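Shown here: coords_15.cif, mmCIF, C-alpha atoms and all ligand atoms.
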```
data_structure
#
loop_
_atom_site.label_atom_id
_atom_site.label_comp_id
_atom_site.auth_asym_id
_atom_site.auth_seq_id
_atom_site.Cartn_x
_atom_site.Cartn_y
_atom_site.Cartn_z
CA MET M 533 -7.17 14.00 -42.00
CA LEU M 534 -8.05 10.52 -40.74
CA THR M 535 -5.00 10.54 -38.51
CA ALA M 536 -6.03 13.87 -37.03
CA LEU M 537 -9.53 12.57 -36.42
CA HIS M 538 -8.12 9.41 -34.85
CA ASP M 539 -5.89 11.44 -32.48
CA CYS M 540 -8.83 13.65 -31.58
CA LEU M 541 -11.05 10.66 -30.75
CA GLN M 542 -8.26 9.10 -28.72
CA ASP M 543 -7.99 12.24 -26.63
CA LEU M 544 -11.72 12.05 -26.00
CA PHE M 545 -11.92 8.39 -25.04
CA VAL M 546 -8.58 7.45 -23.54
CA VAL M 547 -8.45 8.78 -20.02
CA PRO M 548 -4.85 9.75 -19.26
CA SER M 549 -3.45 7.87 -16.28
CA CYS M 550 -0.17 7.70 -14.34
CA PRO M 551 2.04 4.85 -15.73
CA ILE M 552 3.05 3.89 -12.17
CA CYS M 553 -0.06 4.04 -9.95
CA LYS M 554 -2.59 4.03 -12.86
CA LYS M 555 -4.59 6.80 -11.21
CA VAL M 556 -6.41 9.14 -13.58
CA ILE M 557 -4.54 12.36 -14.27
CA HIS M 558 -6.60 15.52 -14.66
CA THR M 559 -3.94 17.96 -15.72
CA HIS M 560 -2.48 17.87 -19.21
CA GLN M 561 0.87 16.13 -19.13
CA HIS M 562 3.11 13.83 -21.18
CA ALA M 563 1.92 10.19 -21.36
CA ASP M 564 5.23 8.92 -19.92
CA GLN M 565 5.23 11.37 -17.02
CA PRO M 566 4.60 10.09 -13.48
CA CYS M 567 1.86 11.81 -11.45
CA ASN M 568 2.84 14.32 -8.76
CA ASP M 569 1.98 11.83 -6.05
CA CYS M 570 4.30 9.13 -7.47
CA THR M 571 7.04 11.70 -8.15
CA GLN M 572 6.92 12.66 -4.49
CA LYS M 573 6.57 9.15 -3.03
CA LEU M 574 9.40 7.74 -5.14
CA GLY M 575 11.56 10.82 -4.54
CA LEU M 576 12.07 11.40 -8.27
CA MET M 577 14.03 14.58 -8.93
CA GLU M 578 13.27 17.10 -11.61
CA ARG M 579 16.73 17.01 -13.17
CA GLY M 580 17.79 13.72 -11.59
CA LEU M 581 19.96 13.14 -8.54
CA ARG M 582 23.42 14.25 -9.64
CA GLY M 583 26.82 13.63 -8.12
CA ALA M 584 30.51 13.30 -8.89
CA THR M 585 31.60 10.49 -6.54
CA PRO M 586 32.49 7.68 -6.88
CA VAL M 587 31.92 8.47 -10.56
CA ARG M 588 30.00 11.28 -12.23
CA PHE M 589 26.40 10.11 -12.23
CA ASN M 590 22.78 11.06 -12.73
CA ALA M 591 20.20 8.88 -10.98
CA ALA M 592 16.40 9.07 -10.91
CA GLY M 593 16.59 9.21 -7.11
CA TRP M 594 17.92 7.60 -3.94
CA TYR M 595 17.83 3.80 -3.84
CA ARG M 596 15.60 3.50 -0.77
CA GLY M 597 11.97 3.20 0.28
CA LYS M 598 9.39 3.16 -2.50
CA LEU M 599 11.87 3.72 -5.33
CA ARG M 600 13.90 0.73 -4.14
CA ARG M 601 10.78 -1.45 -4.07
CA GLU M 602 9.75 -0.24 -7.52
CA ILE M 603 13.22 -1.05 -8.95
CA LEU M 604 13.14 -4.56 -7.43
CA ARG M 605 9.69 -5.08 -8.92
CA LEU M 606 10.92 -3.87 -12.33
CA LYS M 607 13.59 -6.59 -12.37
CA LEU M 608 10.78 -9.14 -12.34
CA ASN M 609 7.98 -7.55 -14.36
CA GLN M 610 10.17 -5.48 -16.75
CA ASP M 611 7.31 -3.00 -17.23
CA LEU M 612 8.63 -0.52 -19.79
CA SER M 613 5.92 2.08 -19.15
CA VAL M 614 6.80 2.22 -15.43
CA LEU M 615 10.49 2.40 -16.33
CA LYS M 616 9.81 5.25 -18.78
CA ALA M 617 7.99 7.13 -16.02
CA ILE M 618 10.90 6.65 -13.58
CA THR M 619 13.46 7.76 -16.19
CA PHE M 620 11.29 10.63 -17.47
CA ALA M 621 13.45 13.38 -15.93
CA LEU M 622 16.71 11.64 -16.91
CA ARG M 623 15.53 11.38 -20.50
CA ARG M 624 14.84 15.12 -20.66
CA THR M 625 18.32 16.09 -19.47
CA LEU M 626 20.14 13.70 -21.81
CA PRO M 627 21.54 15.16 -25.07
CA ALA M 628 19.75 13.83 -28.17
CA LYS M 629 23.01 12.47 -29.61
CA ALA M 630 24.12 10.73 -26.41
CA LEU M 631 25.33 7.18 -26.90
CA LEU M 632 24.32 4.69 -24.22
CA VAL M 633 26.43 1.71 -23.19
CA PRO M 634 24.70 -0.75 -20.85
CA ILE M 635 26.88 -2.47 -18.24
CA PRO M 636 26.79 -6.16 -19.17
CA SER M 637 25.72 -8.68 -16.56
CA TRP M 638 28.22 -11.31 -15.45
CA LYS M 639 25.56 -13.90 -14.78
CA THR M 640 24.43 -16.36 -17.42
CA GLN M 641 21.93 -15.06 -19.97
CA LYS M 642 19.00 -16.64 -18.17
CA ARG M 643 19.75 -15.04 -14.80
CA ALA M 644 21.20 -11.84 -16.22
CA ASN M 645 19.95 -8.52 -14.88
CA PRO M 646 17.55 -7.25 -17.58
CA LEU M 647 17.50 -3.66 -16.32
CA PRO M 648 20.57 -1.97 -17.90
CA ALA M 649 19.44 -2.80 -21.46
CA LEU M 650 15.84 -1.96 -20.60
CA ILE M 651 16.84 1.42 -19.12
CA CYS M 652 18.65 2.22 -22.40
CA LEU M 653 15.45 1.38 -24.24
CA SER M 654 13.41 3.61 -21.96
CA LEU M 655 15.84 6.51 -22.50
CA GLY M 656 15.33 6.31 -26.26
CA ARG M 657 18.92 7.02 -27.35
CA THR M 658 21.32 5.09 -29.59
CA THR M 659 22.60 2.12 -27.62
CA LYS M 660 25.77 0.09 -28.28
CA THR M 661 26.98 -2.94 -26.37
CA LEU M 662 30.58 -1.72 -26.41
CA LEU M 663 31.48 -3.63 -23.25
CA LYS M 664 31.71 -7.31 -22.51
CA ARG M 665 32.68 -9.15 -19.35
CA CYS M 666 36.08 -10.67 -19.97
CA ARG M 667 36.22 -12.97 -16.99
CA PRO M 668 33.66 -14.09 -14.43
CA THR M 669 34.00 -12.14 -11.20
CA VAL M 670 33.11 -13.49 -7.77
CA GLY M 671 29.76 -12.33 -6.36
CA GLN M 672 30.27 -8.87 -4.79
CA HIS M 673 27.97 -9.20 -1.80
CA HIS M 674 30.40 -10.57 0.78
CA LEU M 675 33.37 -8.42 -0.15
CA SER M 676 34.66 -5.22 1.42
CA ARG M 677 34.95 -2.09 -0.70
CA ARG M 678 38.69 -2.63 -1.25
CA GLN M 679 38.08 -6.29 -2.15
CA ARG M 680 35.33 -5.23 -4.51
CA LEU M 681 37.69 -2.87 -6.33
CA ALA M 682 40.31 -5.62 -6.62
CA ASN M 683 37.67 -8.08 -7.73
CA MET M 684 36.68 -5.79 -10.58
CA GLN M 685 40.21 -5.42 -12.00
CA SER M 686 39.93 -5.80 -15.77
CA ALA M 687 36.46 -7.28 -15.54
CA PHE M 688 35.53 -5.62 -18.84
CA ALA M 689 36.89 -5.48 -22.36
CA ILE M 690 35.70 -3.74 -25.51
CA ASN M 691 33.34 -6.03 -27.38
CA PRO M 692 35.23 -7.21 -30.51
CA ASP M 693 32.03 -6.87 -32.60
CA GLN M 694 31.95 -3.16 -31.77
CA GLN M 695 35.63 -2.32 -32.09
CA SER M 696 35.19 -0.52 -35.42
CA TRP M 697 32.66 1.86 -33.85
CA CYS M 698 34.11 5.35 -34.14
CA VAL M 699 32.72 7.72 -31.54
CA SER M 700 35.27 10.42 -30.86
CA GLU M 701 32.66 13.22 -30.87
CA THR M 702 29.81 11.30 -29.26
CA PRO M 703 29.16 11.78 -25.56
CA ILE M 704 28.88 8.33 -23.99
CA TRP M 705 26.92 7.46 -20.86
CA ILE M 706 27.25 4.06 -19.27
CA VAL M 707 23.99 2.68 -17.92
CA ASP M 708 23.31 0.52 -14.86
CA ASP M 709 20.35 0.06 -12.51
CA ILE M 710 21.96 0.88 -9.15
CA LEU M 711 25.08 2.78 -8.15
CA THR M 712 26.57 1.38 -4.92
CA SER M 713 30.35 1.33 -4.39
CA GLY M 714 30.96 2.44 -7.95
CA ALA M 715 33.56 -0.31 -8.52
CA THR M 716 31.71 -1.75 -11.51
CA ALA M 717 30.97 1.68 -12.98
CA ARG M 718 34.55 2.87 -12.58
CA GLU M 719 35.93 -0.27 -14.20
CA ALA M 720 33.53 0.07 -17.14
CA LEU M 721 34.40 3.75 -17.45
CA ASN M 722 38.16 3.11 -17.40
CA THR M 723 37.89 0.34 -20.00
CA LEU M 724 36.05 2.69 -22.37
CA LYS M 725 38.36 5.63 -21.67
CA SER M 726 41.52 3.59 -22.28
CA ALA M 727 40.04 2.55 -25.61
CA GLY M 728 39.69 6.24 -26.51
CA PHE M 729 35.97 6.76 -25.90
CA GLY M 730 34.75 9.98 -24.33
CA VAL M 731 32.64 8.95 -21.35
CA ARG M 732 30.55 11.56 -19.55
CA GLY M 733 29.38 9.41 -16.67
CA LEU M 734 26.79 6.95 -15.47
CA ILE M 735 23.01 7.00 -15.77
CA CYS M 736 21.21 4.84 -13.25
CA LEU M 737 17.86 4.44 -11.51
CA GLY M 738 19.01 4.59 -7.92
CA ARG M 739 22.01 5.73 -5.88
CA THR M 740 22.42 4.01 -2.52
CA PRO M 741 22.32 6.56 0.34
ZN ZN M 801 1.12 7.88 -9.97
#
```
Mind turning the file's structure into structure tokens?
Ligand SMILES: [Zn+2]
Amino acid sequence: MLTALHDCLQDLFVVPSCPICKKVIHTHQHADQPCNDCTQKLGLMERGLRGATPVRFNAAGWYRGKLRREILRLKLNQDLSVLKAITFALRRTLPAKALLVPIPSWKTQKRANPLPALICLSLGRTTKTLLKRCRPTVGQHHLSRRQRLANMQSAFAINPDQQSWCVSETPIWIVDDILTSGATAREALNTLKSAGFGVRGLICLGRTP
């Protein structure tokens, strides 16, 4: 009874607003949902931006313009409510029993990219750190695509802490912030597949055009 009253009062006094631009929303919609304006400006797609090359993937949108700026900002401010709004459509298309595996960063803990783990959190599915980096790879920026692929050879291994995890029936999605050449994603995917895991593809925020 009190809870019902509390919810009712909250509806009356908390003005619903867009998690991204904070503008007041007049229509009834989910608290995590971005407003129509932000959806359009960021190019967020209703069922995600899907593709099969270089790996099967589902992204929130193209990594360009406003979405690119928002992703870069997220790396610094790690605002979970903004992230939840950007991944809103991805979350809806993901099976409830999906298992998420974030791609581990090769930088030291302090400079590590916080986004893969944070995206898993925003997607609200079981998350396991099945992968670990098994050797430091050279920074990718100055390498050609072929060099990048070579550079990624056996960059991952199954995390020994997680080796007992039995997931034959569970659909796995690997999670990263941006899909570019796909070298990292493919390597992560192959490592999991050779260990017997059933990997469906990659979930990410942005796909480079
Ligand atoms: Zn908005």
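Residues in contact with ligand ZN 801 (chain M) comprise Ser549, Cys550, Pro551, Ile552, Cys553, Lys554, Lys555, Val556, Ile557, Gln565, Pro566, Cys567, Asn568, Asp569, Cys570, Thr571, Gln572, Lys573, Leu574, Val614 and Ala617 of chain M, where contact means an atom-to-atom distance of at most 10 Å counting all atoms listed in the file.
Of the listed residues M:Arg579, M:Lys607, M:Arg588, M:Lys639, the one whose atoms come nearest to M:Leu721 is M:Arg588, with distances taken using all atoms listed in the file.
Restricting the calculation to all atoms listed in the file, the smallest distance between M:Thr716 and any of M:Asn691, M:Thr559, M:Asn609, M:Ser637 is found for M:Ser637.
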Which residue gives the smallest distance to M:Arg643 among M:Leu663, M:Gly656, M:Arg624, M:Leu608, with all atoms listed in the file counted?
M:Leu608
Using only C-alpha atoms, find the one residue out of M:Gly575, M:Gly583, M:Pro648, M:Gly597 that sits nearest to M:Pro636.
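Counting only C-alpha atoms, the residue closest to M:Pro636 is M:Pro648.
Nearest residue to M:Leu653, choosing from M:Gln610, M:Leu581, M:Glu602, M:Asp693 and counting all atoms listed in the file: M:Gln610.
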From atom CA of M:Cys666 to atom CA of M:Ala592 the spacing works out at 29.3 Å
Answer as number ranges by chain, residues within 12 Å of (19.0, 1.3, -18.3) using all atoms listed in the file
M: 590-592, 603, 606-607, 610, 612, 615-616, 618-619, 622-623, 632-636, 645-657, 659, 705-711, 734-738
Nearest to M:Leu599 among M:Leu576, M:Gly728, M:Asp611, M:Ala630, with distances taken over all atoms listed in the file: which residue is it?
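Of the candidates, the smallest distance to M:Leu599 is held by M:Leu576.
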Output, as lines of an AutoDock Vina configuration file, the centre and edge lengths in Å (one decimal) of the axis-aligned box that contains all listed atoms of stretch 619-632 of chain M with 3 Å of margin on each side.
```
center_x = 18.3
center_y = 10.4
center_z = -22.8
size_x = 20.0
size_y = 17.4
size_z = 19.7
```
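Between atom CA of M:Thr640 and atom CA of M:Ser676 lies a distance of 24.2 Å.
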